[in-house]
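Written out below as structure tokens is the structure these notes cover.
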Amino acid sequence: MNQQKYYKENANDVVHFLEYNAERPHLIIPEYGRHLQKLIDQATVIESRDERNKAAKYIIQVMGSLNPHLRDVPDFQHKLWDQIFIMSDFRLDVDSPYPIPTRDVINLKPERLDYPQKNPKYRFYGNNIKYMINVANSWEEGEMKGALVKVIANHMKKSYLSWNKDTVEDVVIFEHLVELSDGRINLLQSSEELLNTTDLMRTNKKVSNKSQMGNGQKIQKSNNFKKPQNGKKPFVKNNNNNNPK
């Protein structure tokens with residue numbers, strides 16, 4: 001009975017020391033946890049500047065221990081110092097080996113990036129083909145420009161066949177080329193002939209096979225059996241531990 005009475009009398013004191021996440025302050029960088037956040041908050045109220053510098057260096061070591069493989073990298077050290085100032089809400093006044101960030105720099109938003117091409121009509125050609133056509137338009141007439149135009153036309157045909165498995169006539173590619181070049185490249189009246197559909201599809205198949213194999217992959221031949229020499233039966237190692245009777 002005395003023990004139950006003691007628990008009832010001290011129940012309010014126990015509840016008083018409990019902490020709930022809803023009542024705790026918000027974590028600026030939750031990845032480091034609440035204990036590290038408390039260390040930084042304690043370091044900000046230290047009166048001695050030398051003691052604050054020692055505390056900040058200790059906290060940096062603790063933060064680096066979470067990623068030991070990056071702890072000694074100079075750029076990573078710069079990142080840790082920036083994070084300790086951010087987690088202190090820029091209230092930590094210590095000597096930093098790197099420029100101290102400000103609130104305005106952290107909250108600065110990057111400029112909006114525009115898409116290079118918003119509504120391409122022929123998406124199966126890709127965006128780079130338009131850049132290649134613009135380069136060809138900037139060149140003077142001659143053999144170099146003619147060779148480049150032919151390369152562009154063959155690439156367009158190969159891209160067309162990648163999305164449309166059926167055959168395509170050269171006239172269709174030439175018409176698209178005239179449209180994409182704003183009428184400055186016209187092969188409709190010329191005697192140019194593009195590569196055959198079979199050759200282009202074979203090229204696509206080789207490229208896809210190489211991508212599936214991956215970089216650095218090699219097919220290793222099995223060495224379990226050796227080629228017989230002088231008509232003799234090759235020796236094969238027996239991995240069976242049971243000796244014949």
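Residues are named by chain letter and number: chains run A, B, ... in the order of the structure tokens, numbers start at 1 in each chain, and ligands are numbered from 1 in the order shown.
All residues of range 95-142 of chain A that DSSP, run on the backbone, classes as helix (DSSP H, G or I) are A:Arg103, A:Asp104, A:Val105, A:Ile106, A:Arg123, A:Phe124, A:Tyr125, A:Asn128, A:Ile129, A:Lys130, A:Tyr131, A:Met132, A:Ile133, A:Asn134, A:Val135, A:Ala136, A:Asn137, A:Ser138.
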Which residues come within 12 Å of Pro101 in chain A, counting only C-alpha atoms, excluding same-chain residues fewer than 4 positions away, as an mmCIF file with N, CA and C atoms, in the first residue's frame?
data_model
loop_
_atom_site.group_PDB
_atom_site.id
_atom_site.type_symbol
_atom_site.label_atom_id
_atom_site.label_comp_id
_atom_site.auth_asym_id
_atom_site.auth_seq_id
_atom_site.Cartn_x
_atom_site.Cartn_y
_atom_site.Cartn_z
ATOM 1 N N HIS A 78 33.322 22.362 -45.372
ATOM 2 C CA HIS A 78 32.628 23.630 -45.619
ATOM 3 C C HIS A 78 31.122 23.460 -45.456
ATOM 4 N N LYS A 79 30.618 22.347 -45.928
ATOM 5 C CA LYS A 79 29.184 22.078 -45.817
ATOM 6 C C LYS A 79 28.769 21.936 -44.352
ATOM 7 N N LEU A 80 29.600 21.273 -43.550
ATOM 8 C CA LEU A 80 29.266 21.092 -42.133
ATOM 9 C C LEU A 80 29.228 22.425 -41.397
ATOM 10 N N TRP A 81 30.167 23.301 -41.692
ATOM 11 C CA TRP A 81 30.169 24.610 -41.031
ATOM 12 C C TRP A 81 28.944 25.430 -41.436
ATOM 13 N N ASP A 82 28.561 25.334 -42.702
ATOM 14 C CA ASP A 82 27.339 26.034 -43.129
ATOM 15 C C ASP A 82 26.118 25.480 -42.402
ATOM 16 N N GLN A 83 26.080 24.165 -42.225
ATOM 17 C CA GLN A 83 24.924 23.554 -41.572
ATOM 18 C C GLN A 83 24.843 23.898 -40.089
ATOM 19 N N ILE A 84 25.988 24.031 -39.423
ATOM 20 C CA ILE A 84 25.939 24.354 -37.994
ATOM 21 C C ILE A 84 25.414 25.765 -37.777
ATOM 22 N N PHE A 85 25.724 26.688 -38.710
ATOM 23 C CA PHE A 85 25.170 28.047 -38.593
ATOM 24 C C PHE A 85 23.675 28.048 -38.918
ATOM 25 N N ILE A 86 23.282 27.232 -39.865
ATOM 26 C CA ILE A 86 21.857 27.159 -40.217
ATOM 27 C C ILE A 86 21.053 26.562 -39.065
ATOM 28 N N MET A 87 21.588 25.505 -38.432
ATOM 29 C CA MET A 87 20.882 24.856 -37.334
ATOM 30 C C MET A 87 20.814 25.742 -36.095
ATOM 31 N N SER A 88 21.751 26.660 -35.958
ATOM 32 C CA SER A 88 21.698 27.599 -34.834
ATOM 33 C C SER A 88 20.828 28.801 -35.142
ATOM 34 N N ASP A 89 20.160 28.793 -36.281
ATOM 35 C CA ASP A 89 19.333 29.917 -36.706
ATOM 36 C C ASP A 89 20.168 31.197 -36.807
ATOM 37 N N PHE A 90 21.447 31.006 -37.221
ATOM 38 C CA PHE A 90 22.402 32.099 -37.435
ATOM 39 C C PHE A 90 22.661 32.891 -36.147
ATOM 40 N N ARG A 91 22.509 32.253 -34.981
ATOM 41 C CA ARG A 91 22.779 32.896 -33.701
ATOM 42 C C ARG A 91 24.144 32.518 -33.139
ATOM 43 N N LEU A 92 24.813 31.536 -33.732
ATOM 44 C CA LEU A 92 26.108 31.074 -33.237
ATOM 45 C C LEU A 92 27.205 32.029 -33.692
ATOM 46 N N ASP A 93 27.906 32.614 -32.736
ATOM 47 C CA ASP A 93 28.974 33.579 -33.009
ATOM 48 C C ASP A 93 30.317 32.926 -32.694
ATOM 49 N N SER A 96 34.857 30.884 -37.870
ATOM 50 C CA SER A 96 34.708 29.818 -38.861
ATOM 51 C C SER A 96 35.840 29.893 -39.882
ATOM 52 N N PRO A 97 36.383 28.751 -40.305
ATOM 53 C CA PRO A 97 37.431 28.774 -41.347
ATOM 54 C C PRO A 97 36.881 29.093 -42.734
ATOM 55 N N VAL A 105 21.191 34.602 -48.231
ATOM 56 C CA VAL A 105 21.818 33.704 -49.212
ATOM 57 C C VAL A 105 21.173 32.324 -49.170
ATOM 58 N N ILE A 106 20.848 31.841 -47.971
ATOM 59 C CA ILE A 106 20.241 30.510 -47.849
ATOM 60 C C ILE A 106 18.849 30.489 -48.470
ATOM 61 N N ASN A 107 18.097 31.556 -48.294
ATOM 62 C CA ASN A 107 16.723 31.605 -48.798
ATOM 63 C C ASN A 107 16.644 32.076 -50.247
ATOM 64 N N LEU A 108 17.792 32.329 -50.866
ATOM 65 C CA LEU A 108 17.787 32.791 -52.251
ATOM 66 C C LEU A 108 17.339 31.656 -53.176
#
**Study point:** Gap from CA of Lys38 in chain A to CA of Val94 in chain A - Å, one decimal
**Key:** 16.9 Å
**Study point:** Selection near Tyr122 in chain A, 10 Å with only C-alpha atoms, sequence-local residues under 4 positions removed, as a ChimeraX atom specification
**Key:** /A:126-127,160,176,180
**Study point:** Point-to-point distance from CA of Ala136 in chain A to CA of Phe124 in chain A, Å rounded to tenths
**Key:** 20.1 Å
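Closest approach to Lys57 in chain A among A:Lys121, A:Asp95, A:Val135, A:Ala153 is made by A:Asp95 (distances from only C-alpha atoms).
For the atom pair formed by CA of Arg184 in chain A and CA of Val168 in chain A, the distance is 22.6 Å, given to one decimal.
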Exercise for review: Would you please work out which residue, of A:Tyr125, A:Gly146, A:Phe76, A:Val178, is nearest to Asn164 in chain A when using only C-alpha atoms?
Suggested key: A:Tyr125
